[in-house]
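> data-v5.txt (compact mmCIF, C-alpha atoms) pasted underneath:
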# COMPACT_ATOMS: atom_id res chain seq x y z
CA MET A 1 147.82 85.15 72.44
CA LEU A 2 147.14 82.55 75.13
CA ASP A 3 148.98 82.88 78.45
CA LEU A 4 150.34 79.39 79.10
CA THR A 5 151.91 78.68 82.49
CA ALA A 6 153.70 75.50 83.54
CA ALA A 7 153.84 75.21 87.33
CA ALA A 8 155.16 71.73 88.03
CA SER A 9 157.49 69.70 85.82
CA PRO A 10 160.69 71.36 84.54
CA HIS A 11 160.18 70.79 80.84
CA ILE A 12 163.72 71.91 79.95
CA HIS A 13 166.52 70.24 81.91
CA ASP A 14 169.06 72.77 83.15
CA GLY A 15 171.74 70.29 84.17
CA SER A 16 170.90 70.37 87.86
CA SER A 17 171.38 67.26 89.99
CA SER A 18 170.84 66.40 93.63
CA ARG A 19 174.57 66.53 94.23
CA ARG A 20 174.95 69.96 92.64
CA ILE A 21 171.99 71.38 94.57
CA MET A 22 173.26 69.96 97.86
CA LEU A 23 176.70 71.42 97.18
CA ASP A 24 175.10 74.85 96.82
CA VAL A 25 173.29 74.35 100.14
CA ILE A 26 176.56 73.41 101.84
CA ILE A 27 178.23 76.53 100.45
CA ALA A 28 175.31 78.62 101.72
CA LEU A 29 175.68 77.17 105.23
CA ILE A 30 179.44 77.82 105.46
CA PRO A 31 179.06 81.46 106.69
CA ALA A 32 176.83 80.32 109.56
CA LEU A 33 179.28 77.52 110.43
CA ILE A 34 182.25 79.89 110.41
CA VAL A 35 180.49 82.48 112.58
CA SER A 36 179.40 79.73 114.97
CA ALA A 37 183.00 78.51 115.31
CA LEU A 38 184.20 82.07 115.97
CA PHE A 39 181.55 82.77 118.61
CA PHE A 40 181.20 79.37 120.30
CA GLY A 41 184.65 77.84 119.89
CA PRO A 42 186.22 74.73 118.31
CA MET A 43 183.51 72.39 119.64
CA VAL A 44 181.44 73.53 116.66
CA LEU A 45 183.98 72.16 114.20
CA LEU A 46 184.37 68.98 116.25
CA LEU A 47 180.62 68.37 116.10
CA ALA A 48 180.66 68.91 112.34
CA ALA A 49 183.72 66.70 111.85
CA THR A 50 182.11 63.78 113.69
CA THR A 51 178.39 64.09 112.95
CA ILE A 52 178.67 64.62 109.18
CA PRO A 53 180.79 61.49 108.50
CA ALA A 54 178.51 59.54 110.86
CA ALA A 55 175.48 60.58 108.78
CA VAL A 56 177.08 59.43 105.52
CA LEU A 57 178.25 56.16 107.05
CA LEU A 58 174.85 55.44 108.60
CA GLU A 59 173.07 56.07 105.31
CA TRP A 60 175.53 53.92 103.36
CA ALA A 61 175.26 51.04 105.84
CA PHE A 62 171.46 51.16 105.97
CA MET A 63 171.19 51.22 102.17
CA ARG A 64 173.49 48.21 101.96
CA ILE A 65 171.35 46.39 104.52
CA LEU A 66 168.24 47.13 102.43
CA LYS A 67 170.17 46.09 99.29
CA ARG A 68 169.67 49.45 97.66
CA ASP A 69 172.21 51.29 95.53
CA ALA A 70 174.49 52.58 98.28
CA SER A 71 176.09 55.16 96.00
CA GLY A 72 173.17 57.42 96.91
CA ALA A 73 174.77 57.87 100.32
CA PHE A 74 177.41 60.04 98.66
CA ASP A 75 175.06 62.48 96.89
CA LEU A 76 175.65 65.00 99.73
CA THR A 77 172.05 64.88 101.00
CA ALA A 78 173.22 63.20 104.22
CA VAL A 79 175.91 65.87 104.60
CA VAL A 80 173.31 68.64 104.29
CA THR A 81 170.98 66.91 106.77
CA ALA A 82 173.75 66.58 109.34
CA LEU A 83 175.02 70.13 108.82
CA ILE A 84 171.57 71.70 109.19
CA MET A 85 170.83 69.58 112.25
CA ILE A 86 174.02 70.46 114.12
CA LEU A 87 173.53 74.15 113.35
CA GLY A 88 170.16 73.85 115.10
CA ILE A 89 171.56 72.63 118.42
CA PRO A 90 173.76 74.21 121.12
CA SER A 91 177.52 74.12 120.61
CA ASN A 92 178.09 72.18 123.84
CA THR A 93 175.92 69.23 122.81
CA PRO A 94 177.70 65.95 123.54
CA ILE A 95 178.87 64.31 120.32
CA TRP A 96 177.06 61.04 121.00
CA ILE A 97 173.75 62.90 121.36
CA SER A 98 174.34 64.62 118.03
CA VAL A 99 175.06 61.26 116.37
CA VAL A 100 171.86 59.78 117.83
CA GLY A 101 169.91 62.71 116.41
CA VAL A 102 171.38 62.37 112.93
CA ALA A 103 170.78 58.61 113.01
CA ILE A 104 167.08 59.23 113.64
CA ALA A 105 167.04 61.84 110.87
CA ILE A 106 168.74 59.64 108.29
CA ILE A 107 167.24 56.23 109.08
CA ALA A 108 163.82 56.83 110.62
CA VAL A 109 162.76 59.93 108.67
CA LYS A 110 164.61 59.63 105.36
CA GLN A 111 165.40 56.02 104.51
CA LEU A 112 162.39 54.30 106.08
CA PHE A 113 160.15 56.58 104.02
CA GLY A 114 161.94 55.48 100.85
CA GLY A 115 164.93 57.80 100.55
CA VAL A 116 165.50 61.16 98.92
CA GLY A 117 162.31 62.99 98.00
CA ARG A 118 159.92 60.58 99.72
CA ASN A 119 160.03 61.81 103.30
CA ILE A 120 157.07 63.83 104.58
CA PHE A 121 159.02 65.64 107.32
CA ASN A 122 162.31 67.48 107.10
CA PRO A 123 164.90 64.97 108.40
CA ALA A 124 167.09 67.61 110.02
CA LEU A 125 164.08 69.08 111.82
CA VAL A 126 163.04 65.72 113.26
CA GLY A 127 166.64 64.97 114.23
CA HIS A 128 166.77 68.27 116.10
CA ILE A 129 163.50 67.55 117.90
CA ALA A 130 164.69 64.04 118.77
CA VAL A 131 167.89 65.42 120.27
CA THR A 132 166.07 67.98 122.39
CA MET A 133 163.24 65.75 123.59
CA LEU A 134 163.55 61.97 123.20
CA VAL A 135 167.19 61.60 124.22
CA ALA A 136 166.61 63.71 127.33
CA GLN A 137 163.70 61.45 128.27
CA GLY A 138 165.97 58.43 127.84
CA LEU A 139 168.43 59.98 130.28
CA GLY A 140 165.66 60.34 132.81
CA GLU A 141 165.98 64.13 132.62
CA SER A 142 162.59 65.19 131.28
CA ARG A 143 163.36 68.91 131.43
CA GLY A 144 167.13 69.10 131.12
CA PHE A 145 168.29 68.98 127.55
CA PRO A 146 165.14 70.65 126.14
CA LEU A 147 165.90 73.62 128.40
CA LEU A 148 169.48 73.69 127.16
CA ALA A 149 168.43 73.60 123.52
CA THR A 150 165.60 76.10 123.91
CA TYR A 151 167.18 78.73 126.15
CA GLY A 152 170.92 78.22 125.82
CA ALA A 153 173.44 77.25 128.45
CA GLY A 154 173.23 80.56 130.28
CA HIS A 155 169.59 80.20 131.26
CA PRO A 156 169.31 79.56 135.02
CA LEU A 157 167.20 76.41 134.61
CA ALA A 158 169.56 75.00 132.00
CA MET A 159 172.60 75.85 134.15
CA SER A 160 171.01 74.05 137.09
CA TRP A 161 170.61 70.95 134.94
CA MET A 162 174.14 71.19 133.49
CA GLY A 163 175.55 71.43 136.99
CA ARG A 164 174.58 67.78 137.41
CA HIS A 165 176.30 66.78 134.12
CA ASP A 166 180.05 67.37 134.16
CA TYR A 167 180.47 66.54 130.46
CA LEU A 168 178.69 69.76 129.46
CA ASP A 169 180.57 73.03 129.26
CA VAL A 170 178.64 75.48 131.40
CA HIS A 171 180.62 78.40 130.00
CA ALA A 172 179.89 77.75 126.32
CA LEU A 173 177.13 80.38 126.45
CA SER A 174 176.88 83.27 128.83
CA SER A 175 173.27 84.44 128.98
CA ALA A 176 169.68 83.62 128.18
CA THR A 177 168.60 83.89 124.54
CA PRO A 178 167.02 87.14 123.31
CA LEU A 179 163.56 85.59 123.04
CA GLN A 180 163.77 84.44 126.65
CA LEU A 181 164.94 87.90 127.71
CA LEU A 182 161.99 89.38 125.83
CA ALA A 183 159.58 87.02 127.57
CA ASP A 184 161.11 87.89 130.96
CA GLY A 185 160.96 91.63 130.28
CA ALA A 186 164.73 91.90 130.68
CA ALA A 187 167.15 94.14 128.78
CA LEU A 188 167.84 92.94 125.25
CA PRO A 189 171.03 93.08 123.18
CA SER A 190 171.12 95.91 120.65
CA LEU A 191 169.71 95.33 117.16
CA GLY A 192 173.27 95.37 115.84
CA GLU A 193 174.29 92.61 118.26
CA LEU A 194 171.20 90.60 117.30
CA PHE A 195 171.99 91.01 113.60
CA LEU A 196 175.63 89.98 113.98
CA GLY A 197 174.88 87.15 116.41
CA VAL A 198 176.66 88.38 119.54
CA HIS A 199 174.28 86.67 121.95
CA ALA A 200 173.34 83.26 123.34
CA GLY A 201 171.47 80.67 121.30
CA VAL A 202 171.96 77.57 119.22
CA MET A 203 174.79 77.61 116.71
CA GLY A 204 173.04 78.33 113.44
CA GLU A 205 170.44 80.82 114.59
CA THR A 206 172.47 83.60 116.13
CA SER A 207 174.01 85.47 113.19
CA VAL A 208 171.24 86.71 110.91
CA LEU A 209 173.92 88.33 108.73
CA ALA A 210 175.52 84.95 108.00
CA LEU A 211 172.12 83.35 107.38
CA LEU A 212 171.05 86.08 104.96
CA LEU A 213 174.31 85.71 103.05
CA GLY A 214 173.62 82.01 102.70
CA GLY A 215 169.94 82.49 101.88
CA GLY A 216 170.77 85.14 99.29
CA TYR A 217 173.24 82.76 97.67
CA LEU A 218 170.59 80.04 97.42
CA VAL A 219 168.10 82.46 95.86
CA TRP A 220 170.75 83.77 93.44
CA ARG A 221 171.62 80.21 92.41
CA ARG A 222 167.88 79.49 92.06
CA VAL A 223 168.20 76.56 94.44
CA VAL A 224 165.29 77.91 96.48
CA SER A 225 162.45 80.30 95.79
CA PRO A 226 162.24 83.34 98.07
CA VAL A 227 158.46 82.92 98.35
CA ILE A 228 158.37 80.56 101.33
CA PRO A 229 160.99 82.41 103.43
CA LEU A 230 159.37 85.78 102.75
CA ALA A 231 155.88 84.49 103.56
CA PHE A 232 157.16 82.70 106.68
CA ILE A 233 159.12 85.67 108.04
CA GLY A 234 156.57 88.24 106.88
CA ALA A 235 153.60 86.54 108.55
CA THR A 236 155.54 86.14 111.80
CA VAL A 237 156.67 89.75 112.11
CA LEU A 238 153.29 91.17 111.03
CA ILE A 239 151.40 89.18 113.66
CA VAL A 240 153.79 89.94 116.53
CA ALA A 241 153.75 93.62 115.50
CA ALA A 242 149.94 93.60 115.57
CA ALA A 243 150.18 92.12 119.08
CA GLY A 244 152.30 95.07 120.20
CA GLN A 245 155.75 93.44 120.28
CA ASP A 246 158.86 94.61 118.45
CA PRO A 247 158.92 92.82 115.06
CA LEU A 248 162.65 93.47 114.58
CA VAL A 249 163.48 91.60 117.79
CA HIS A 250 161.44 88.62 116.63
CA LEU A 251 163.00 88.80 113.17
CA LEU A 252 166.56 88.88 114.46
CA SER A 253 166.09 86.40 117.34
CA GLY A 254 165.62 82.68 117.49
CA SER A 255 165.59 80.27 114.55
CA LEU A 256 163.14 82.16 112.33
CA VAL A 257 165.55 83.10 109.51
CA PHE A 258 167.49 79.83 109.80
CA VAL A 259 164.43 77.59 109.53
CA ALA A 260 162.73 79.77 106.88
CA PHE A 261 165.65 79.49 104.45
CA CYS A 262 167.28 76.17 105.37
CA MET A 263 164.38 73.87 106.34
CA ALA A 264 161.07 75.27 105.12
CA THR A 265 162.35 75.34 101.52
CA ASP A 266 163.09 71.61 101.43
CA TYR A 267 161.79 70.32 98.08
CA ALA A 268 160.26 67.11 99.40
CA THR A 269 158.35 68.69 102.29
CA SER A 270 157.06 71.95 100.79
CA PRO A 271 154.39 72.73 98.16
CA ILE A 272 155.25 72.75 94.46
CA ASN A 273 153.41 75.81 93.12
CA LEU A 274 153.30 79.52 93.94
CA LYS A 275 149.94 79.67 95.75
CA GLY A 276 150.84 76.63 97.80
CA LYS A 277 154.20 78.12 98.78
CA ILE A 278 152.52 81.32 99.96
CA ILE A 279 149.95 79.41 102.03
CA PHE A 280 152.64 77.13 103.45
CA GLY A 281 154.98 79.97 104.42
CA ALA A 282 152.20 82.10 105.87
CA GLY A 283 150.90 79.13 107.86
CA CYS A 284 154.35 78.53 109.33
CA GLY A 285 154.56 82.20 110.27
CA LEU A 286 151.10 82.23 111.83
CA ILE A 287 151.79 79.21 114.03
CA THR A 288 155.22 80.54 114.99
CA ALA A 289 153.81 83.91 116.03
CA LEU A 290 150.98 82.36 118.05
CA ILE A 291 153.39 80.06 119.91
CA ARG A 292 155.80 82.92 120.61
CA LEU A 293 153.00 85.13 121.86
CA PHE A 294 150.84 82.68 123.78
CA GLY A 295 152.61 79.30 123.91
CA PRO A 296 154.70 77.63 126.61
CA THR A 297 157.98 78.15 124.71
CA THR A 298 159.68 81.28 123.41
CA GLU A 299 160.49 79.80 119.99
CA GLY A 300 157.85 77.91 117.97
CA VAL A 301 159.39 77.56 114.52
CA SER A 302 160.07 73.82 114.77
CA VAL A 303 156.52 72.98 115.81
CA ALA A 304 155.16 75.32 113.13
CA LEU A 305 157.16 73.70 110.35
CA LEU A 306 156.35 70.20 111.54
CA ALA A 307 152.62 70.98 111.55
CA MET A 308 152.70 72.56 108.10
CA ASN A 309 154.71 69.63 106.69
CA LEU A 310 151.70 67.46 107.50
CA LEU A 311 149.46 69.76 105.47
CA VAL A 312 151.61 69.88 102.32
CA PRO A 313 149.66 67.14 100.44
CA LEU A 314 146.38 68.95 101.17
CA ILE A 315 147.85 72.33 100.16
CA ASP A 316 149.14 70.87 96.90
CA ARG A 317 145.76 69.36 96.16
CA LEU A 318 143.83 72.57 96.89
CA THR A 319 146.20 74.76 94.86
CA LEU A 320 146.69 72.39 91.92
CA PRO A 321 146.34 74.42 88.70
CA LYS A 322 143.54 73.39 86.34
CA ALA A 323 144.60 71.39 83.32
CA PHE A 324 144.82 73.41 80.13
CA GLY A 325 141.39 73.72 78.52
CA CYS A 326 139.37 72.78 81.59
CA GLY A 327 136.48 75.10 82.40
CA ARG A 328 136.12 76.34 78.85
CA ASP A 329 133.11 75.76 76.59
Now, as a test, write the supplied structure out as structure tokens.

Amino acid sequence: MLDLTAAASPHIHDGSSSRRIMLDVIIALIPALIVSALFFGPMVLLLAATTIPAAVLLEWAFMRILKRDASGAFDLTAVVTALIMILGIPSNTPIWISVVGVAIAIIAVKQLFGGVGRNIFNPALVGHIAVTMLVAQGLGESRGFPLLATYGAGHPLAMSWMGRHDYLDVHALSSATPLQLLADGAALPSLGELFLGVHAGVMGETSVLALLLGGGYLVWRRVVSPVIPLAFIGATVLIVAAAGQDPLVHLLSGSLVFVAFCMATDYATSPINLKGKIIFGAGCGLITALIRLFGPTTEGVSVALLAMNLLVPLIDRLTLPKAFGCGRD
């Protein structure tokens, strides 16, 4: 009996659609959104209530301008992009900055590349990077907002910057993030507090419990494969453990779990077969660990994912299964 394996095309249609898949992703993100609102206040819901409709409206308007079928703006992909992006930024981000970020994500990264499934970078990831870097440069504050987004509002450098900007709530967060505390050699929250999310950080990264509930739901619904998140997280914790640091602190701190489940598993920007997924996830983990250990920032997951997104076509090509019958006499 020959062992036949199909790794790419779904030969039997299971009734899935983009809208149904995106709805599952939204459901999976609800626990993180609820926990964020409980910990960081109503500004979280205000950001969601303004940024998500802005994303849908921007996509609809741009598709009309390009004379494409604008009904695609209502397939919930824009909603997911906006929701993931706002969960990756601090709760006291000004609304207009969040809208600028989602505009870059939807128009520059998604639509200009051809729409759903054609982008080479995760739109939410690029929107997050744009918010933390490009907008701050436009304000003439080259270090301000990146400090806020990286360390949280309680970090002394970020607080110094916010003191010159009255529209930011200095009290939205109360201390430096756990990764910054680890880098400074300061006392860390307990593992229980890290797991529940009772510490400073961006909205979607703090509660690992909420993220695992959402990630487990996506795996159960077979929306995502657990291979990439497990390879991503596993490579990160193994390398930091080998370097002598506490792997549990790295696992429960920062955006590692959030990005591994919510961004790295994006269909359009990740490999299509098992070997490729393992290489992709492990590569993300390797780069993340190296940046956390030796880089200028305490995080690293965004840069890691962006770099590995560039390598996806090469990974797919190198791990492409041989056609049936090839290599046989």
> Compare A:Leu179, A:Leu274, A:Ala282, A:Leu305 by their minimum atom-to-atom distance to Gln245 of chain A, counting all atoms listed in the file, and give me the closest one.
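Nearest to Gln245 of chain A: A:Leu179.
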> Between A:Gly276, A:Gly101, A:Pro90, A:Pro296, which has the minimum distance to Asp316 of chain A (counting only C-alpha atoms)?
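For Asp316 of chain A, the nearest of the given residues is A:Gly276.
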> Can you tell me which residues surround Glu59 of chain A at a distance of at most 7 Å, considering only C-alpha atoms, apart from same-chain residues fewer than 6 positions away, and format the answer as a list in words?
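Once the nearby chain positions are removed, what remains is Ala73, Ile106 and Ile107 of chain A.
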> Include C-alpha atoms and write out the residues we just selected as a PDB file, keeping the file's coordinate frame.

ATOM      1  CA  ALA A  73     174.770  57.870 100.320  1.00  0.00           C
ATOM      2  CA  ILE A 106     168.740  59.640 108.290  1.00  0.00           C
ATOM      3  CA  ILE A 107     167.240  56.230 109.080  1.00  0.00           C
TER       4      ILE A 107
END
> Which residue out of A:Cys284, A:Leu47, A:Gly115, A:Leu248 has the minimum interatomic distance to Pro178 of chain A when only C-alpha atoms are used?
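Of A:Cys284, A:Leu47, A:Gly115, A:Leu248, the one nearest Pro178 of chain A is A:Leu248, counting only C-alpha atoms.
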> My list of candidates is A:Ile272, A:Ala243, A:Val223, A:Val312. Which is closest to Ser17 of chain A when distances are computed with all atoms listed in the file?
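Closest candidate: A:Val223.
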> Go through A:Leu112, A:Ile21, A:Ile239, A:Met263 and flag the residue nearest Thr81 of chain A, using all atoms listed in the file for the distances.
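Under the stated criterion, the closest residue is A:Met263.
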> Can you tell me which residues surround Glu193 of chain A at a distance of at most 10 Å, considering only C-alpha atoms, apart from same-chain residues fewer than 3 positions away, and format the answer as JSON, numbers by chain?
{"A": [188, 189, 190, 196, 197, 198, 199, 206, 207, 208, 252]}
> So which one's closest to Phe39 of chain A, A:Val257, A:Ile86, A:Ile315, A:Val202? Using all atoms listed in the file, please.
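Distance minimum relative to Phe39 of chain A lands on A:Val202.
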> Report the distance between atom CA of Ala264 of chain A and atom CA of Ile228 of chain A in Å, rounded to one decimal place.
7.0 Å
> Work out how far apart atom CA of Ala183 of chain A and atom CA of Gly215 of chain A are and give it in Å to one decimal.
28.1 Å
